[in-house]
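The block underneath contains the structure these notes are about, expressed in structure tokens.
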Amino acid sequence: MPIPQRRIGRDGPRTGVLSLGSWHTYDRMDFREAVSLLRTAVDAGITLFDVGVYGLPGGPPVFTDVLFSAMVRAAGLRRDDYLLSAKLWLEGYPEHSLRAQLENAFFRAGVSHADLVILGDLRRADTDLHALVTDLAELHDAGLIGQWGVNNWSASAIKAVHGFAAADGVPGPAIAQLKYSVARRSIPDGAPFASVFGLGVSLQASDVFEGGILLGKGGRQVGRDPGDVRQRIADSAEDLAKVAAGVGATPAQLCLAFTLTHPANTTTLFGATSVRQLEDNLKAVALVEQVGAAELRALVELFWADRDAVDPEGP
């Protein structure tokens, strides 16, 4: 059976409770396997794909979004068979327009619109949030984007853009992409974000495996470490595997299943490098039903590494 579907924000499209991202993942895969992965995902009800480019100036070129466009063609997918999530980076804004960045992303991915755009980290204190909302409304009116959301913003910043949008009568933030895992819970589970979710902004759980560290793996590029708890997370991997085995699951299935218990979570974003890995991870959906949401959350309580280590308000 296809996985359950949930709505993005209050009035966005419905999408599977699991979604696929590629932080250089497709760059590392055999192309035929990548095409099979995409086809298997869509057939299982995964419809949202995040293909943001995470290249660094001076670093090696990345082609994950270009490869995605070829994968779509080879898998025989139509544009309305899937939802595309694109990233918009704010480090060069407003000197470099969002529209120019978006058009380049579309050129690389072989599409004419994004169903969802996620604004990257808000690193500059002088960013004009009202102007940002206005620019996004223009992109929406031009048919270039559907919904928009933010990545690892503070609760107060999300409330600010929501307020500007409501006052102007234009679309506001629909989703917040946040680090959320058995180890990093303080921000999405905290009171400040409970009020954000009360506005109709939904959650997209991301970095659920801590770059593989929660699964006892290493060697991959990993994101920031709020609260400086990564070593504590690494040290917990062996015990996490034992708890997972106790309920007949893999550590990955347990990690994914936990995120699905958050009441505001629309979809959980993860990466997979093979069809077999994807099929195993899909079993996380059944694990929630098998164990029960409350029982599952209790099972992983001891792995909450960032409790009292980060401000629940967020970055």
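FYI, nothing fancy with the structure tokens labels: chains A, B, ... in order, residues from 1 per chain, ligands from 1 as they appear.
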Taking only region 112-253 of chain A into account, list the residues labelled helix (DSSP H, G or I) by DSSP (computed from the backbone), as an MDAnalysis selection string. chainID A and resid 129:141 155:168 191:197 210:215 230:235 237:246 251:253
Name the residues in contact with region 84-96 of chain A at a cut-off of 8 Å, using only C-alpha atoms, excluding same-chain residues fewer than 5 positions from it; report them as a ChimeraX atom specification. /A:48-53,101-102,105,114-124,127
Closest to Gln277 (chain A) among A:Thr40, A:Val133, A:Ser195, A:Gly200, using only C-alpha atoms? A:Thr40
Apply DSSP to the structure's backbone, then extract all residues of region 46-144 of chain A labelled strand (DSSP E or B) and return them as a ChimeraX atom specification. /A:48-50,83-88,114-119
Prev. selection, all heavy atoms, output as a tab-separated table (two decimals), in the first residue's frame:
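Final file, out_15.tsv:
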chain	number	residue	atom	x	y	z
A	48	LEU	N	7.53	13.91	-2.95
A	48	LEU	CA	8.28	15.15	-2.78
A	48	LEU	C	9.78	14.87	-2.84
A	48	LEU	O	10.29	14.03	-2.07
A	48	LEU	CB	7.92	15.81	-1.46
A	48	LEU	CG	8.61	17.14	-1.15
A	48	LEU	CD1	8.23	18.22	-2.17
A	48	LEU	CD2	8.26	17.62	0.27
A	49	PHE	N	10.46	15.58	-3.74
A	49	PHE	CA	11.90	15.38	-3.93
A	49	PHE	C	12.63	16.72	-3.77
A	49	PHE	O	12.31	17.69	-4.45
A	49	PHE	CB	12.18	14.78	-5.31
A	49	PHE	CG	11.57	13.41	-5.48
A	49	PHE	CD1	10.28	13.27	-5.98
A	49	PHE	CD2	12.26	12.28	-5.10
A	49	PHE	CE1	9.70	12.02	-6.11
A	49	PHE	CE2	11.70	11.02	-5.22
A	49	PHE	CZ	10.41	10.89	-5.72
A	50	ASP	N	13.59	16.74	-2.86
A	50	ASP	CA	14.40	17.92	-2.59
A	50	ASP	C	15.72	17.76	-3.34
A	50	ASP	O	16.49	16.84	-3.05
A	50	ASP	CB	14.65	18.03	-1.08
A	50	ASP	CG	15.45	19.27	-0.69
A	50	ASP	OD1	16.36	19.65	-1.45
A	50	ASP	OD2	15.16	19.84	0.37
A	83	LEU	N	6.37	16.16	-6.79
A	83	LEU	CA	6.52	17.53	-6.32
A	83	LEU	C	8.00	17.83	-6.18
A	83	LEU	O	8.75	17.02	-5.60
A	83	LEU	CB	5.83	17.72	-4.97
A	83	LEU	CG	4.33	17.40	-4.89
A	83	LEU	CD1	3.84	17.51	-3.45
A	83	LEU	CD2	3.54	18.34	-5.79
A	84	LEU	N	8.41	18.97	-6.69
A	84	LEU	CA	9.82	19.36	-6.63
A	84	LEU	C	10.02	20.42	-5.56
A	84	LEU	O	9.32	21.44	-5.54
A	84	LEU	CB	10.29	19.90	-7.98
A	84	LEU	CG	11.76	20.34	-8.01
A	84	LEU	CD1	12.67	19.12	-8.02
A	84	LEU	CD2	12.04	21.23	-9.21
A	85	SER	N	10.97	20.18	-4.68
A	85	SER	CA	11.36	21.15	-3.66
A	85	SER	C	12.74	21.69	-4.01
A	85	SER	O	13.69	20.92	-4.17
A	85	SER	CB	11.39	20.50	-2.28
A	85	SER	OG	11.81	21.42	-1.30
A	86	ALA	N	12.84	23.01	-4.16
A	86	ALA	CA	14.11	23.64	-4.52
A	86	ALA	C	14.58	24.51	-3.35
A	86	ALA	O	13.78	24.99	-2.55
A	86	ALA	CB	13.95	24.50	-5.78
A	87	LYS	N	15.88	24.71	-3.26
A	87	LYS	CA	16.46	25.56	-2.23
A	87	LYS	C	16.74	26.95	-2.79
A	87	LYS	O	17.17	27.10	-3.94
A	87	LYS	CB	17.77	24.96	-1.72
A	87	LYS	CG	17.64	23.83	-0.71
A	87	LYS	CD	17.14	24.31	0.63
A	87	LYS	CE	17.36	23.31	1.76
A	87	LYS	NZ	16.75	22.01	1.55
A	88	LEU	N	16.51	27.97	-1.98
A	88	LEU	CA	16.92	29.33	-2.29
A	88	LEU	C	17.83	29.81	-1.17
A	88	LEU	O	17.44	29.82	0.00
A	88	LEU	CB	15.70	30.26	-2.41
A	88	LEU	CG	14.82	30.09	-3.65
A	88	LEU	CD1	13.60	30.99	-3.57
A	88	LEU	CD2	15.61	30.38	-4.92
A	114	ALA	N	8.65	25.21	-9.32
A	114	ALA	CA	8.86	24.40	-8.12
A	114	ALA	C	7.57	24.37	-7.32
A	114	ALA	O	6.92	25.40	-7.15
A	114	ALA	CB	9.99	24.98	-7.28
A	115	ASP	N	7.20	23.21	-6.84
A	115	ASP	CA	6.01	23.10	-6.01
A	115	ASP	C	6.25	23.66	-4.62
A	115	ASP	O	5.33	24.10	-3.93
A	115	ASP	CB	5.58	21.64	-5.92
A	115	ASP	CG	5.33	21.04	-7.29
A	115	ASP	OD1	4.26	21.31	-7.87
A	115	ASP	OD2	6.23	20.33	-7.80
A	116	LEU	N	7.53	23.62	-4.21
A	116	LEU	CA	7.92	24.12	-2.90
A	116	LEU	C	9.32	24.69	-3.00
A	116	LEU	O	10.17	24.10	-3.67
A	116	LEU	CB	7.89	22.97	-1.88
A	116	LEU	CG	8.37	23.24	-0.46
A	116	LEU	CD1	7.41	24.19	0.25
A	116	LEU	CD2	8.50	21.94	0.34
A	117	VAL	N	9.56	25.84	-2.39
A	117	VAL	CA	10.93	26.33	-2.25
A	117	VAL	C	11.22	26.51	-0.77
A	117	VAL	O	10.35	26.93	0.01
A	117	VAL	CB	11.19	27.66	-3.01
A	117	VAL	CG1	11.13	27.45	-4.51
A	117	VAL	CG2	10.24	28.76	-2.57
A	118	ILE	N	12.41	26.14	-0.38
A	118	ILE	CA	12.86	26.25	1.00
A	118	ILE	C	13.97	27.29	1.06
A	118	ILE	O	14.99	27.15	0.39
A	118	ILE	CB	13.37	24.91	1.54
A	118	ILE	CG1	12.27	23.84	1.49
A	118	ILE	CG2	13.90	25.07	2.96
A	118	ILE	CD1	11.11	24.09	2.42
A	119	LEU	N	13.75	28.34	1.86
A	119	LEU	CA	14.77	29.36	2.04
A	119	LEU	C	15.84	28.83	2.99
A	119	LEU	O	15.52	28.31	4.06
A	119	LEU	CB	14.15	30.63	2.62
A	119	LEU	CG	12.99	31.25	1.83
A	119	LEU	CD1	12.46	32.47	2.56
A	119	LEU	CD2	13.44	31.62	0.43
Enumerate, in order of chain and increasing residue number, the residues of region 60-165 of chain A with an atom no farther than 12 Å from region 292-312 of chain A, each with its shortest atom pair and distance in Å to one decimal, counting only C-alpha atoms, as a tab-separated table.
residue	atom	partner	partner_atom	distance
A:Asn152	CA	A:Pro312	CA	11.6
A:Trp153	CA	A:Pro312	CA	11.3
A:Ser154	CA	A:Pro312	CA	8.6
A:Ala155	CA	A:Pro312	CA	8.5
A:Ser156	CA	A:Pro312	CA	10.9
